[in-house]
file start_18.txt (compact mmCIF, C-alpha atoms)
# COMPACT_ATOMS: atom_id res chain seq x y z
CA MET C 1 71.53 96.22 92.11
CA PRO C 2 75.20 95.67 91.26
CA VAL C 3 75.38 98.42 88.64
CA SER C 4 74.27 100.99 91.14
CA ASP C 5 76.57 99.65 93.89
CA ASP C 6 79.51 99.83 91.57
CA PHE C 7 78.67 103.26 90.43
CA GLN C 8 78.23 104.45 94.00
CA LYS C 9 81.55 102.94 94.92
CA ALA C 10 83.29 104.80 92.10
CA GLN C 11 81.55 107.97 93.19
CA ARG C 12 82.57 107.51 96.84
CA PHE C 13 86.10 106.77 95.72
CA ARG C 14 86.19 109.92 93.61
CA GLU C 15 85.11 112.07 96.51
CA ALA C 16 87.44 110.41 99.02
CA ALA C 17 90.61 110.03 96.94
CA LEU C 18 90.72 112.60 94.14
CA PRO C 19 91.10 115.66 96.39
CA TYR C 20 94.58 114.30 97.27
CA LEU C 21 95.73 114.05 93.66
CA ASP C 22 98.18 116.94 94.00
CA ASP C 23 99.63 115.46 97.20
CA VAL C 24 100.13 112.06 95.64
CA TYR C 25 101.58 113.60 92.48
CA THR C 26 103.99 115.72 94.54
CA LEU C 27 105.35 112.68 96.38
CA ALA C 28 105.67 110.79 93.08
CA ARG C 29 107.63 113.66 91.52
CA TYR C 30 110.11 113.69 94.39
CA LEU C 31 110.45 109.92 94.55
CA LEU C 32 110.81 109.31 90.81
CA ARG C 33 112.33 112.66 89.72
CA ASP C 34 110.62 112.41 86.36
CA ALA C 35 107.33 114.01 85.34
CA SER C 36 106.02 111.33 83.04
CA ASP C 37 107.09 108.43 85.29
CA ALA C 38 105.34 110.25 88.13
CA GLU C 39 102.13 110.53 86.10
CA ASP C 40 102.17 106.83 85.29
CA ALA C 41 102.84 105.93 88.92
CA VAL C 42 100.01 108.13 90.18
CA GLN C 43 97.55 106.65 87.70
CA GLU C 44 98.58 103.14 88.71
CA CYS C 45 98.25 104.15 92.37
CA TYR C 46 94.65 105.32 91.86
CA LEU C 47 93.76 102.16 89.93
CA ARG C 48 95.08 100.00 92.76
CA ALA C 49 93.40 102.17 95.36
CA LEU C 50 90.04 101.80 93.62
CA LYS C 51 90.55 98.04 93.45
CA HIS C 52 91.18 97.84 97.18
CA PHE C 53 88.70 100.54 98.14
CA ASP C 54 86.22 97.94 99.40
CA SER C 55 88.65 96.73 102.03
CA TYR C 56 89.72 100.25 103.01
CA ARG C 57 88.66 100.96 106.60
CA GLY C 58 90.71 104.00 107.36
CA PRO C 59 92.47 105.40 109.24
CA ALA C 60 93.15 108.37 106.95
CA MET C 61 92.96 108.48 103.18
CA LYS C 62 96.20 110.37 102.60
CA PRO C 63 98.66 107.95 104.26
CA TRP C 64 96.78 105.05 102.69
CA LEU C 65 97.24 106.49 99.20
CA PHE C 66 100.89 107.26 99.94
CA ALA C 67 101.48 103.67 101.04
CA ILE C 68 100.06 102.43 97.74
CA LEU C 69 102.11 104.94 95.78
CA ARG C 70 105.28 103.75 97.54
CA ASN C 71 104.64 100.21 96.40
CA VAL C 72 104.15 101.40 92.84
CA CYS C 73 107.35 103.45 93.02
CA ASN C 74 109.32 100.59 94.50
CA ALA C 75 108.36 98.47 91.52
CA GLU C 76 109.55 101.31 89.32
CA TYR C 77 112.86 101.45 91.20
CA ALA C 78 113.30 97.74 90.68
CA ARG C 79 112.63 98.23 86.99
CA ARG C 80 115.24 100.94 86.77
CA ALA C 81 117.58 98.70 88.78
CA HIS C 82 119.01 101.66 90.60
CA SER C 83 122.71 101.28 91.31
CA HIS C 84 122.85 104.15 93.78
CA ALA C 85 124.73 103.16 96.88
CA ALA C 86 122.20 103.35 99.67
CA ILE C 87 123.15 105.33 102.72
CA GLU C 88 123.00 103.24 105.84
CA ASP C 89 119.90 103.91 107.85
CA THR C 90 121.31 103.23 111.29
CA PRO C 91 121.35 105.44 114.34
CA GLY C 92 125.15 105.09 114.47
CA ALA C 93 125.50 106.77 111.11
CA VAL C 94 124.13 109.97 112.56
CA ASP C 95 127.04 110.34 114.98
CA GLU C 96 129.61 109.96 112.23
CA THR C 97 128.43 112.99 110.35
CA PRO C 98 128.60 116.01 112.63
CA MET C 99 127.10 118.36 110.08
CA TRP C 100 125.29 120.37 112.71
CA GLN C 101 128.36 121.20 114.73
CA GLU C 102 128.98 124.71 113.44
CA ASN C 103 127.60 127.18 115.90
CA GLU C 104 127.32 130.55 114.24
CA ALA C 105 123.67 131.44 114.16
CA SER C 106 122.11 133.60 111.58
CA PRO C 107 123.54 134.91 108.33
CA GLU C 108 122.17 131.67 106.93
CA ALA C 109 118.61 132.82 107.53
CA GLU C 110 119.10 135.30 104.70
CA VAL C 111 120.60 132.64 102.48
CA LEU C 112 117.69 130.32 103.09
CA ARG C 113 115.14 132.97 102.39
CA ASN C 114 116.77 133.85 99.10
CA ARG C 115 116.83 130.35 97.74
CA ASP C 116 114.28 129.93 95.02
CA ALA C 117 111.98 126.94 94.96
CA GLY C 118 113.83 125.38 92.03
CA ALA C 119 117.11 125.23 93.92
CA ILE C 120 115.41 123.81 97.01
CA ARG C 121 113.65 121.15 94.95
CA LYS C 122 117.02 120.10 93.50
CA MET C 123 118.50 119.72 96.96
CA ILE C 124 115.56 117.66 98.13
CA ASP C 125 115.84 115.54 95.00
CA ALA C 126 119.47 114.89 95.85
CA LEU C 127 118.66 113.47 99.30
CA ALA C 128 119.13 109.72 99.54
CA GLU C 129 116.27 107.36 100.22
CA PRO C 130 114.64 106.74 102.66
CA PHE C 131 115.44 110.18 104.06
CA LYS C 132 113.96 112.08 101.16
CA GLU C 133 110.66 110.24 101.41
CA THR C 134 110.31 110.94 105.12
CA PHE C 135 111.26 114.56 104.59
CA VAL C 136 108.75 115.12 101.77
CA LEU C 137 105.94 113.42 103.69
CA ARG C 138 106.58 115.66 106.69
CA GLU C 139 107.52 119.03 105.19
CA ILE C 140 105.55 119.08 101.96
CA ASN C 141 102.68 116.66 102.46
CA ASN C 142 102.20 117.68 106.12
CA LEU C 143 101.76 114.22 107.59
CA SER C 144 102.12 113.62 111.31
CA TYR C 145 104.87 111.25 112.50
CA ARG C 146 102.29 108.56 113.11
CA GLU C 147 100.85 108.94 109.60
CA ILE C 148 104.33 108.79 108.09
CA ALA C 149 105.01 105.63 110.07
CA GLU C 150 101.81 104.15 108.63
CA ALA C 151 102.60 105.16 105.08
CA VAL C 152 106.15 103.83 105.09
CA GLY C 153 105.55 100.85 107.36
CA ALA C 154 108.25 101.76 109.90
CA PRO C 155 108.17 102.52 113.64
CA VAL C 156 107.74 106.14 114.73
CA GLY C 157 111.26 106.12 116.23
CA THR C 158 112.72 105.30 112.82
CA VAL C 159 110.70 108.09 111.27
CA MET C 160 112.13 110.51 113.81
CA SER C 161 115.75 109.57 113.22
CA ARG C 162 115.31 109.62 109.44
CA LEU C 163 113.74 113.05 109.62
CA ALA C 164 116.56 114.41 111.80
CA ARG C 165 119.06 112.96 109.36
CA ALA C 166 117.24 114.33 106.32
CA ARG C 167 117.06 117.84 107.72
CA ALA C 168 120.72 117.74 108.72
CA MET C 169 121.72 116.61 105.22
CA LEU C 170 119.57 119.26 103.61
CA ARG C 171 121.03 121.98 105.74
CA ALA C 172 124.54 120.78 104.98
CA ALA C 173 123.76 120.88 101.26
CA TRP C 174 122.38 124.35 101.68
CA MET C 175 125.45 125.66 103.46
CA ALA C 176 127.77 123.90 101.01
CA GLU C 177 126.09 125.56 98.05
CA GLU C 178 126.33 128.89 99.80
CA GLU C 179 130.10 128.35 100.29
CA HIS C 180 130.37 127.39 96.66
CA SER C 181 128.63 130.46 95.33
CA LYS C 182 130.74 132.89 97.42
CA MET W 1 119.50 113.84 128.17
CA THR W 2 122.48 113.56 125.83
CA CYS W 3 123.12 115.83 122.85
CA ASP W 4 122.60 112.91 120.47
CA GLU W 5 119.12 112.31 121.86
CA ALA W 6 118.32 116.01 121.90
CA LYS W 7 119.39 116.42 118.28
CA ILE W 8 116.75 113.94 117.21
CA LEU W 9 114.08 115.04 119.66
CA LEU W 10 114.39 118.73 118.86
CA HIS W 11 112.80 117.97 115.50
CA ALA W 12 109.84 116.41 117.22
CA LEU W 13 109.71 119.53 119.37
CA LEU W 14 109.68 121.72 116.24
CA ASP W 15 106.95 119.58 114.72
CA ASN W 16 104.81 119.73 117.85
CA GLU W 17 104.93 115.97 118.19
CA LEU W 18 106.22 115.74 121.78
CA ASP W 19 104.04 115.31 124.82
CA ALA W 20 104.43 117.92 127.54
CA GLY W 21 106.84 115.83 129.64
CA HIS W 22 109.29 115.11 126.83
CA ALA W 23 109.03 118.65 125.51
CA ARG W 24 110.09 119.95 128.94
CA GLU W 25 113.08 117.58 128.98
CA VAL W 26 114.26 118.70 125.56
CA GLU W 27 113.78 122.35 126.46
CA ALA W 28 115.69 121.85 129.70
CA HIS W 29 118.61 120.34 127.79
CA ILE W 30 118.58 123.10 125.19
CA ALA W 31 118.60 125.77 127.90
CA THR W 32 121.96 124.45 129.11
CA CYS W 33 123.55 123.40 125.80
CA PRO W 34 124.55 126.16 123.33
CA ALA W 35 125.27 123.66 120.52
CA CYS W 36 121.80 122.16 120.66
CA ALA W 37 120.24 125.61 121.05
CA ALA W 38 122.02 126.75 117.90
CA GLU W 39 120.88 123.65 116.07
CA LEU W 40 117.28 124.25 117.08
CA ALA W 41 117.48 127.85 115.89
CA ALA W 42 119.04 126.83 112.57
CA GLN W 43 116.43 124.18 111.94
CA ARG W 44 113.65 126.58 112.84
CA GLU W 45 114.97 129.02 110.26
CA MET W 46 115.19 126.31 107.65
CA ARG W 47 111.58 125.40 108.27
CA HIS W 48 110.53 129.01 107.72
CA ALA W 49 112.40 129.13 104.45
CA LEU W 50 110.85 125.84 103.32
CA ALA W 51 107.37 126.96 104.28
CA GLY W 52 107.77 130.05 102.12
CA ALA W 53 108.97 128.20 99.03
CA LYS W 54 106.62 126.62 96.54
CA LEU W 55 107.67 123.01 96.84
CA ARG W 56 104.41 121.29 95.97
CA TYR W 57 103.67 120.15 92.48
CA THR W 58 100.26 120.42 90.82
CA ALA W 59 99.04 117.37 88.96
CA PRO W 60 98.57 118.13 85.26
CA ALA W 61 94.94 118.40 84.13
CA SER W 62 95.59 115.59 81.65
CA LEU W 63 96.48 113.23 84.50
CA ARG W 64 93.31 114.11 86.37
CA ALA W 65 91.35 113.44 83.19
CA ARG W 66 93.09 110.09 82.64
CA ILE W 67 92.24 108.97 86.16
CA GLU W 68 88.66 110.22 85.92
CA ALA W 69 88.27 108.42 82.61
CA SER W 70 89.64 105.20 84.06
CA LEU W 71 87.08 105.14 86.89
CA PRO W 72 83.95 104.16 84.93
CA GLN W 73 85.92 101.58 82.95
CA ALA W 74 87.03 99.98 86.18
CA ARG W 75 83.41 98.96 86.75
CA PRO W 76 82.83 95.32 85.81
CA GLN W 77 79.15 95.92 85.09
CA PRO W 78 77.95 97.93 82.09
CA SER W 79 77.57 101.53 83.07
CA ARG W 80 74.31 103.41 82.84
CA ARG W 81 75.72 105.46 80.06
CA SER W 82 76.63 102.45 77.95
CA VAL W 83 73.12 101.13 78.54
CA LEU W 84 71.76 104.44 77.31
CA ARG W 85 74.05 104.34 74.33
CA GLY W 86 72.50 100.97 73.63
CA PHE W 87 69.08 102.61 73.47
CA ALA W 88 70.30 105.32 71.19
CA MET W 89 71.80 102.86 68.75
CA GLY W 90 68.87 100.49 68.89
CA SER W 91 71.19 97.61 69.70
CA ALA W 92 70.75 94.43 71.68
CA VAL W 93 68.72 96.00 74.45
CA SER W 94 65.79 96.92 72.23
CA ALA W 95 63.49 94.77 74.34
CA LEU W 96 64.21 96.98 77.34
CA ALA W 97 63.99 100.09 75.23
CA ALA W 98 60.43 99.17 74.41
CA SER W 99 59.53 100.06 77.97
CA GLY W 100 60.01 103.79 77.89
CA VAL W 101 59.64 103.94 81.65
CA VAL W 102 63.02 102.35 82.21
CA ALA W 103 64.67 104.77 79.83
CA VAL W 104 63.10 107.74 81.55
CA VAL W 105 64.07 106.51 84.99
CA LEU W 106 67.66 105.92 83.92
CA ARG W 107 67.91 109.26 82.18
CA GLN W 108 66.64 111.11 85.22
CA ASP W 109 69.07 109.18 87.36
CA ASP W 110 71.86 110.06 85.00
CA GLN W 111 70.98 113.72 85.29
CA GLN W 112 70.95 113.44 89.06
CA ARG W 113 74.41 111.90 88.93
CA ILE W 114 75.70 114.62 86.63
CA LEU W 115 74.20 117.24 88.93
CA SER W 116 76.04 115.68 91.83
CA GLU W 117 79.26 115.69 89.79
CA VAL W 118 78.75 119.34 88.91
CA VAL W 119 78.29 120.19 92.58
CA SER W 120 81.42 118.16 93.44
CA ALA W 121 83.34 120.08 90.76
CA HIS W 122 82.11 123.32 92.31
CA LEU W 123 83.28 122.14 95.75
CA ARG W 124 86.68 121.12 94.39
CA SER W 125 87.06 124.51 92.78
CA LEU W 126 86.66 126.18 96.18
CA GLN W 127 89.63 124.29 97.59
CA ALA W 128 92.82 126.32 97.55
CA GLY W 129 94.45 126.82 94.19
CA HIS W 130 91.83 125.08 92.07
CA LEU W 131 89.45 127.87 91.23
CA ILE W 132 90.95 129.44 88.15
CA ASP W 133 93.33 128.36 85.38
CA VAL W 134 93.19 131.64 83.53
CA VAL W 135 92.79 134.74 85.68
CA SER W 136 91.18 137.61 83.91
CA THR W 137 88.29 139.97 84.18
CA ASP W 138 88.45 140.46 80.41
CA GLN W 139 86.13 138.25 78.40
CA HIS W 140 88.38 138.67 75.35
CA SER W 141 91.26 136.92 77.07
CA VAL W 142 89.22 134.24 78.85
CA LYS W 143 87.37 133.12 75.73
CA PRO W 144 90.43 132.43 73.53
CA TRP W 145 92.05 130.56 76.41
CA PHE W 146 89.50 127.77 75.99
CA ASN W 147 90.42 127.34 72.31
CA GLY W 148 91.85 123.92 71.60
CA LYS W 149 91.11 122.70 75.13
CA LEU W 150 87.47 121.80 74.58
CA ASP W 151 85.17 120.64 71.83
CA VAL W 152 82.98 123.66 72.50
CA ALA W 153 83.58 127.40 72.76
CA PRO W 154 81.92 128.41 76.05
CA PRO W 155 80.31 131.82 75.81
CA VAL W 156 82.28 134.12 78.10
CA ILE W 157 80.26 137.17 78.96
CA ASP W 158 81.33 139.96 81.28
CA LEU W 159 78.47 140.74 83.64
CA THR W 160 80.39 143.14 85.89
CA ALA W 161 78.03 145.99 85.06
CA GLN W 162 75.12 143.77 86.06
CA GLY W 163 76.65 142.96 89.45
CA PHE W 164 78.41 139.66 88.65
CA THR W 165 82.16 140.04 88.20
CA LEU W 166 83.94 137.79 85.72
CA VAL W 167 87.09 136.47 87.42
CA GLY W 168 88.39 133.79 85.06
CA GLY W 169 88.03 130.38 83.50
CA ARG W 170 89.02 126.83 84.25
CA LEU W 171 88.99 123.35 82.74
CA ASP W 172 87.09 120.84 84.81
CA TYR W 173 85.98 117.24 84.48
CA VAL W 174 82.39 116.14 84.74
CA ASP W 175 80.98 112.85 83.57
CA ALA W 176 84.56 111.82 82.65
CA ARG W 177 84.80 114.62 80.08
CA ALA W 178 86.58 117.94 79.94
CA ILE W 179 84.14 120.76 80.54
CA GLY W 180 84.54 124.51 80.58
CA ALA W 181 83.94 126.48 83.76
CA VAL W 182 83.57 130.25 83.68
CA VAL W 183 83.98 131.77 87.12
CA TYR W 184 82.07 134.75 88.45
CA LYS W 185 82.00 136.50 91.79
CA ARG W 186 79.05 138.09 93.56
CA ARG W 187 80.32 139.87 96.66
CA GLN W 188 82.38 137.10 98.32
CA HIS W 189 80.41 134.28 96.68
CA ILE W 190 81.74 132.22 93.80
CA ILE W 191 79.52 131.21 90.89
CA ASN W 192 80.79 128.46 88.63
CA LEU W 193 79.13 128.38 85.22
CA PHE W 194 79.80 124.97 83.66
CA VAL W 195 79.31 124.61 79.91
CA SER W 196 79.27 121.41 77.88
CA GLN W 197 78.16 120.26 74.49
CA THR W 198 74.86 118.48 73.88
CA ALA W 199 73.30 116.96 70.81
CA SER W 200 70.02 118.77 71.41
CA THR W 201 69.74 122.28 69.99
CA GLU W 202 66.33 123.02 71.45
CA HIS W 203 65.91 125.56 74.21
CA ARG W 204 65.38 124.00 77.64
CA PRO W 205 64.14 126.55 80.18
CA PRO W 206 66.18 127.07 83.36
CA LYS W 207 65.34 124.94 86.37
CA THR W 208 66.78 125.27 89.87
CA GLN W 209 67.71 122.28 92.00
CA THR W 210 69.38 122.17 95.37
CA MET W 211 72.05 119.71 96.38
CA GLN W 212 74.27 119.66 99.48
CA GLY W 213 73.16 123.20 100.23
CA PHE W 214 74.19 124.59 96.84
CA ASN W 215 71.80 126.01 94.29
CA CYS W 216 72.21 124.75 90.78
CA ARG W 217 70.32 126.25 87.87
CA ARG W 218 70.59 124.36 84.60
CA TRP W 219 69.35 125.08 81.12
CA GLY W 220 70.05 124.27 77.50
CA GLU W 221 70.53 126.62 74.58
CA ARG W 222 71.97 126.36 71.04
CA GLY W 223 73.55 122.94 71.52
CA LEU W 224 75.08 123.79 74.90
CA ASN W 225 74.20 122.62 78.40
CA PHE W 226 74.70 125.13 81.21
CA TRP W 227 74.91 124.61 84.96
CA ALA W 228 75.29 127.63 87.23
CA VAL W 229 76.32 126.53 90.74
CA SER W 230 76.74 128.70 93.78
CA ASP W 231 75.95 129.14 97.45
CA ILE W 232 74.12 132.41 96.75
CA GLY W 233 70.35 132.39 97.19
CA GLY W 234 68.01 130.91 94.61
CA ASP W 235 66.62 134.30 93.60
CA GLU W 236 70.09 135.77 93.06
CA LEU W 237 71.13 132.77 91.00
CA THR W 238 67.98 133.20 88.92
CA GLU W 239 68.93 136.83 88.41
CA PHE W 240 72.40 135.77 87.28
CA VAL W 241 71.02 133.28 84.76
CA ASP W 242 68.45 135.78 83.45
CA LYS W 243 71.15 138.39 82.89
CA PHE W 244 73.47 135.87 81.30
CA GLU W 245 70.77 134.67 78.94
CA ALA W 246 69.77 138.21 78.02
CA ALA W 247 73.41 139.15 77.33
CA MET W 248 73.96 135.99 75.28
CA LYS W 249 70.86 136.72 73.24
CA ALA W 250 72.01 140.30 72.68
CA ASN W 251 75.46 139.04 71.60
CA VAL W 252 74.02 136.69 69.03
CA GLU W 253 71.57 139.20 67.62
CA GLY W 254 73.96 142.12 67.86
call {"tool": "encode", "arguments": {"input": "start_18.txt", "output": "structure tokens"}}
result
Amino acid sequence: MPVSDDFQKAQRFREAALPYLDDVYTLARYLLRDASDAEDAVQECYLRALKHFDSYRGPAMKPWLFAILRNVCNAEYARRAHSHAAIEDTPGAVDETPMWQENEASPEAEVLRNRDAGAIRKMIDALAEPFKETFVLREINNLSYREIAEAVGAPVGTVMSRLARARAMLRAAWMAEEEHSK
Amino acid sequence: MTCDEAKILLHALLDNELDAGHAREVEAHIATCPACAAELAAQREMRHALAGAKLRYTAPASLRARIEASLPQARPQPSRRSVLRGFAMGSAVSALAASGVVAVVLRQDDQQRILSEVVSAHLRSLQAGHLIDVVSTDQHSVKPWFNGKLDVAPPVIDLTAQGFTLVGGRLDYVDARAIGAVVYKRRQHIINLFVSQTASTEHRPPKTQTMQGFNCRRWGERGLNFWAVSDIGGDELTEFVDKFEAAMKANVEG
């Protein structure tokens, strides 16, 4: 009976997708940098996910939800008509920014440990796309490289170079702020 | 291996994403290259710092409620509940309503569904960070916390002396509505006591059901529906409900 099928589908969807609400919301907050935009995007993401739940065959729920959320956020970017100059996502660009060249090892460990979450969130927010997205998916949402590749629709090699770039930029920002506050 | 390659691959090494062969290559390069070794150490430290910081966000309860509420509406067919509402209002479906059997079957089914939602809510609460919104062993701070968040005032009763420790309260969502959850602990076991409003003020005696390995004891009293859910044994859950009911009765009369 269709009523029961539909109800069961909604129930299955609830159990499969709602446990990841905090993960999806976290990614939305970092991508959109605005609490209420993030809420709207997450709600839209779950509506779309429910709509396509019938055709969902795996692999894993989390990257699938993230992929949907990205589409929603991209539409939001288009709406905002972002004028940020995108940083080139080419392997060559990595060589031009030798931000990891300084060799001294460890007073920075202390610095890092003392950073509060608010300051770290700001630095992550300041990362350019698509590096921020890759970074958040790996470090905060705990996806494997393969799952990130699935969620963002890029080859694993690209994920790896973006992640290396993102971490290098973050560390540079960290050290720069430390210099600044001396 | 060049430094440029190593500086990308060392991240995969950190993330445990390299197969044994590639991991050995990267490690061999790092053993001979102080710059790459320093980079690996620096990135390892940054990861530690990141792991210690609270970088995740928690979705607001209102967002969870909005999404829950949107689920039934996404169904193209009329929901069971709207069919039931039809009965209650004596509307177009009166022909069906004439056959009480259908109504009874649907109602039972509805209760089964709500039971399964209550058990799901219990399960969700056991996942990290979802158990308690207000942490307190003091009933006088848990009870006011619910004010303004619900259309009912859940009775919050400290049963510590009776062997069930009050640990806090939480807002949850069952049947697409906000519902109060009062959380108790018995040894290492969690008991969620869900409380919602009902139109019926008559006393419905407690009944235990089992679902997915959890015991759920539900009853009705003074316009409130109660569900106590836990993985403790049926007899212990019965003891909990008996003590809760006795204390509630004493509160009202005293």
call {"tool": "atom_distance", "arguments": {"input": "start_18.txt", "atom1": "atom CA of Leu193 of chain W", "atom2": "atom CA of Asp138 of chain W"}}
result
16.0 Å
call {"tool": "interface_residues", "arguments": {"input": "start_18.txt", "of": "chain W", "to": "chain C", "cutoff": "9 Å", "atoms": "all atoms listed in the file", "output": "ChimeraX atom specification"}}
result
/W:4,7-12,15,17,34-36,38-39,41-43,45-60,63-64,66-68,70-72,74-80,117,120,124,127
call {"tool": "residues_near_point", "arguments": {"input": "start_18.txt", "point": "(72.8, 141.7, 79.0)", "cutoff": "10 Å", "atoms": "all atoms listed in the file", "output": "PyMOL selection string"}}
result
chain W and resi 157-159+161-162+242-251
call {"tool": "closest_residue", "arguments": {"input": "start_18.txt", "among": "W:Val135, W:Ala61, W:Val195, W:Ala228", "to": "Phe240 of chain W", "atoms": "all atoms listed in the file"}}
result
W:Ala228
call {"tool": "atom_distance", "arguments": {"input": "start_18.txt", "atom1": "atom CA of Val159 of chain C", "atom2": "atom CA of Arg70 of chain C"}}
result
15.4 Å
